[in-house]
Amino acid sequence: MEFKDYYRSLGVDKGASPDEIKKAYRKLARKYHPDVSKEADAAARMAEVNEANAVLSDPEKRAAYDAVSAQAAAQGARAGAEFRPPPGWDTGFEFTGRPQDAGDYSDFFEQLFGQGARRGGFGQGGGGAERRGSDHHAKIELDLQDAYHGGTRTLSLRAARPGPDGRMQSEERSLEVRIPKGVREGQLIRLAGQGGPGLGEAPPGDLFLEVHFRPDARWRSVDRDVYQPLPLAPWEAALGASVEVQTPSGTVEVTVPARSRAGRKLRLKGRGIPAATPGDLYLEVEIALPPADSDAARAAWTALGKAFPTFNPRETQGR
C-alpha cells in the first residue's frame, strides 16, 4: 500500500496547531468540494483532504499517525511509496469513543485505523447534565503462554489529549490487568470504570483491551487451536520415534509414526488454549537435514544416496 503524508495533503507543518489544521481544511474544502470546484481532480483531492483531516483533527489518531510516520521515515518511505506498518505498531494506543468508519478511506487508513474502527462502537451515555463517561479501547500484545496460564500483567497505555494551549500532549498510564486463563486472539478484556470520566454524578466509562498475541516462530493460534513446527531428523520421520517437545503448556513426549512426511500434522487433543472445551495442539512435521560439513558427514550422505538408487524426489513435478 502507499504511504500517505497527511500533513502535505493539508499543506501544514507537523507542528501545526488544531486551529491551523482546521483553517487549512476549510480552505481546501472550499477549493475542491465537487459541488463548486472547477478542478478536474476535485473529487479525488477532496477525498484526500477529508482523510487527512479525519486523522490530523483527532488528537489520538494524529498521535498514532505520527508514531507510524516516524517509523516510515526511518525506512525511507515517502508519500506514494510502498509501506507496511510493522506488526504491533499500534499496541498500547488508547482511543476514545467510537472511531470513524474506515470504509470511505484509503488502504493506508484502513490498515492503520480500520480494525480499530470495527472494534469500536462502545457507547456513551445520553445527553443532559449527567452523562456516562466515554468507553475507551486499546490493543494489547500478550505471549501465547499467557493464554495457558493467565496471571497479572502491568500494561502501559498511551493517549493524546489537547493541552491548555490546544496542542497535543502525550499521556501515559500503567494498569495492573488480570489476564484470564484461556484468553483468545481478538478477545476483549473489559476493565470497568477505566474509561473516560462521567459528567456530574454519572459513572465513568469502561476500557476494552483487545488481545493480540506477539508473533512467535514457535507457535501460532487459530481460535483455540495452536499450531507448532516439529522439526525431525530424516531417520526419525522415516522410521518413527519418540521425541520430547516443548509446548506452550510444558514438555510432552510425542510418538512420531513411521513414514511421516513434511507437512503432516500430529494432533494432541486438548492441548490447545484452555477452555471448557479446550483447543487442540497440532504439531506440523518439518524435515531437518544434518549439514554435510565434514568428510564423515559427506560420506554418510553419499552412502545414503547409493542406498536409494531409484529414488527421485522430483518425479511428481509437473503432474
# chains A, B, ... in the order shown; residues from 1 in each chain; ligands from 1
$ select_by_dssp --residues "range 54-92 of chain A" --states "alpha helix (DSSP H)" --output "MDAnalysis selection string"
chainID A and resid 54:56 59:74
$ residues_around --residues "Arg30 in chain A" --least-positions-apart "6" --cutoff "10 Å" --atoms "only C-alpha atoms" --output "PyMOL selection string"
chain A and resi 36-37+46
$ closest_residue --among "A:Pro231, A:Gly305, A:Gly272, A:Pro291" --to "Ser249 in chain A" --atoms "only C-alpha atoms"
A:Gly272
$ residues_around --residues "Pro203 in chain A" --least-positions-apart "3" --cutoff "12 Å" --atoms "only C-alpha atoms" --output "tab-separated table (two decimals) with N, CA and C atoms, in the first residue's frame"
chain	number	residue	atom	x	y	z
A	124	GLN	N	-21.65	5.72	24.61
A	124	GLN	CA	-21.61	6.70	25.67
A	124	GLN	C	-23.02	6.90	26.18
A	125	GLY	N	-23.12	7.54	27.33
A	125	GLY	CA	-24.44	7.81	27.86
A	125	GLY	C	-25.13	8.90	27.06
A	130	GLU	N	-26.00	15.04	33.41
A	130	GLU	CA	-25.21	13.87	33.77
A	130	GLU	C	-25.07	12.97	32.56
A	131	ARG	N	-23.88	12.51	32.36
A	131	ARG	CA	-23.65	11.64	31.21
A	131	ARG	C	-22.54	10.67	31.54
A	132	ARG	N	-22.79	9.42	31.24
A	132	ARG	CA	-21.78	8.39	31.48
A	132	ARG	C	-20.53	8.70	30.69
A	133	GLY	N	-19.37	8.39	31.25
A	133	GLY	CA	-18.12	8.62	30.57
A	133	GLY	C	-17.97	7.77	29.32
A	134	SER	N	-17.15	8.24	28.40
A	134	SER	CA	-16.94	7.50	27.15
A	134	SER	C	-16.15	6.22	27.41
A	135	ASP	N	-16.47	5.20	26.65
A	135	ASP	CA	-15.67	3.98	26.69
A	135	ASP	C	-14.40	4.18	25.87
A	192	ALA	N	-13.91	-2.34	33.95
A	192	ALA	CA	-15.00	-1.43	34.31
A	192	ALA	C	-14.46	-0.18	34.98
A	193	GLY	N	-14.99	0.98	34.55
A	193	GLY	CA	-14.64	2.23	35.18
A	193	GLY	C	-13.30	2.82	34.78
A	194	GLN	N	-12.59	2.22	33.82
A	194	GLN	CA	-11.28	2.70	33.42
A	194	GLN	C	-11.32	3.53	32.14
A	195	GLY	N	-12.53	3.88	31.68
A	195	GLY	CA	-12.66	4.73	30.51
A	195	GLY	C	-12.67	6.19	30.90
A	196	GLY	N	-13.37	7.01	30.11
A	196	GLY	CA	-13.43	8.43	30.38
A	196	GLY	C	-14.31	8.75	31.58
A	197	PRO	N	-14.03	9.87	32.27
A	197	PRO	CA	-14.84	10.25	33.43
A	197	PRO	C	-16.24	10.66	33.01
A	198	GLY	N	-17.21	10.42	33.91
A	198	GLY	CA	-18.58	10.83	33.65
A	198	GLY	C	-18.81	12.28	34.00
A	199	LEU	N	-19.91	12.85	33.51
A	199	LEU	CA	-20.29	14.21	33.85
A	199	LEU	C	-21.23	14.19	35.04
A	200	GLY	N	-21.06	15.12	35.95
A	200	GLY	CA	-21.90	15.15	37.15
A	200	GLY	C	-21.66	13.92	38.00
A	206	ASP	N	-15.93	2.48	30.41
A	206	ASP	CA	-15.11	1.29	30.57
A	206	ASP	C	-13.96	1.31	29.57
$ residues_around --residues "range 138-150 of chain A" --least-positions-apart "5" --cutoff "6 Å" --atoms "only C-alpha atoms" --output "PyMOL selection string"
chain A and resi 91-94+179-183+209-214+248+273
$ residues_around --residues "Glu2 in chain A" --least-positions-apart "5" --cutoff "7 Å" --atoms "only C-alpha atoms" --output "list of chain:residue names"
A:Gly80, A:Ala81, A:Glu82, A:Phe83, A:Phe108
$ write_last_selection --atoms "N, CA and C atoms" --output "mmCIF file, in the first residue's frame"
data_model
loop_
_atom_site.group_PDB
_atom_site.id
_atom_site.type_symbol
_atom_site.label_atom_id
_atom_site.label_comp_id
_atom_site.auth_asym_id
_atom_site.auth_seq_id
_atom_site.Cartn_x
_atom_site.Cartn_y
_atom_site.Cartn_z
ATOM 1 N N GLY A 80 3.398 8.159 -1.342
ATOM 2 C CA GLY A 80 3.290 7.398 -2.579
ATOM 3 C C GLY A 80 4.151 6.166 -2.631
ATOM 4 N N ALA A 81 5.108 6.028 -1.702
ATOM 5 C CA ALA A 81 5.990 4.854 -1.689
ATOM 6 C C ALA A 81 5.296 3.683 -1.007
ATOM 7 N N GLU A 82 5.722 2.487 -1.353
ATOM 8 C CA GLU A 82 5.169 1.289 -0.720
ATOM 9 C C GLU A 82 5.589 1.250 0.747
ATOM 10 N N PHE A 83 4.644 0.933 1.616
ATOM 11 C CA PHE A 83 4.931 0.919 3.050
ATOM 12 C C PHE A 83 3.971 -0.021 3.750
ATOM 13 N N PHE A 108 -4.327 2.711 3.144
ATOM 14 C CA PHE A 108 -3.407 3.130 4.203
ATOM 15 C C PHE A 108 -4.179 3.423 5.488
#
$ atom_distance --atom1 "CA of Ala233 in chain A" --atom2 "CA of Ser260 in chain A"
10.8 Å
$ atom_distance --atom1 "CA of Thr154 in chain A" --atom2 "CA of Pro278 in chain A"
26.6 Å
$ select_by_dssp --residues "range 183-298 of chain A" --states "strand (DSSP E or B)" --output "NGL selection string"
:A and (188-191 or 199 or 207-213 or 220-222 or 225-232 or 241-247 or 250-256 or 265-268 or 281-287)
$ closest_residue --among "A:Lys4, A:Asn312, A:Ala300, A:Ser9" --to "Leu112 in chain A" --atoms "only C-alpha atoms"
A:Lys4
$ residues_around --residues "Ser69 in chain A" --least-positions-apart "3" --cutoff "10 Å" --atoms "only C-alpha atoms" --output "VMD selection string"
chain A and resid 3 to 6 63 to 66 72 to 75 77 to 78 85
$ residues_around --residues "range 24-29 of chain A" --least-positions-apart "3" --cutoff "8 Å" --atoms "only C-alpha atoms" --output "ChimeraX atom specification"
/A:10-12,20-21,32-33,46,49-50,53
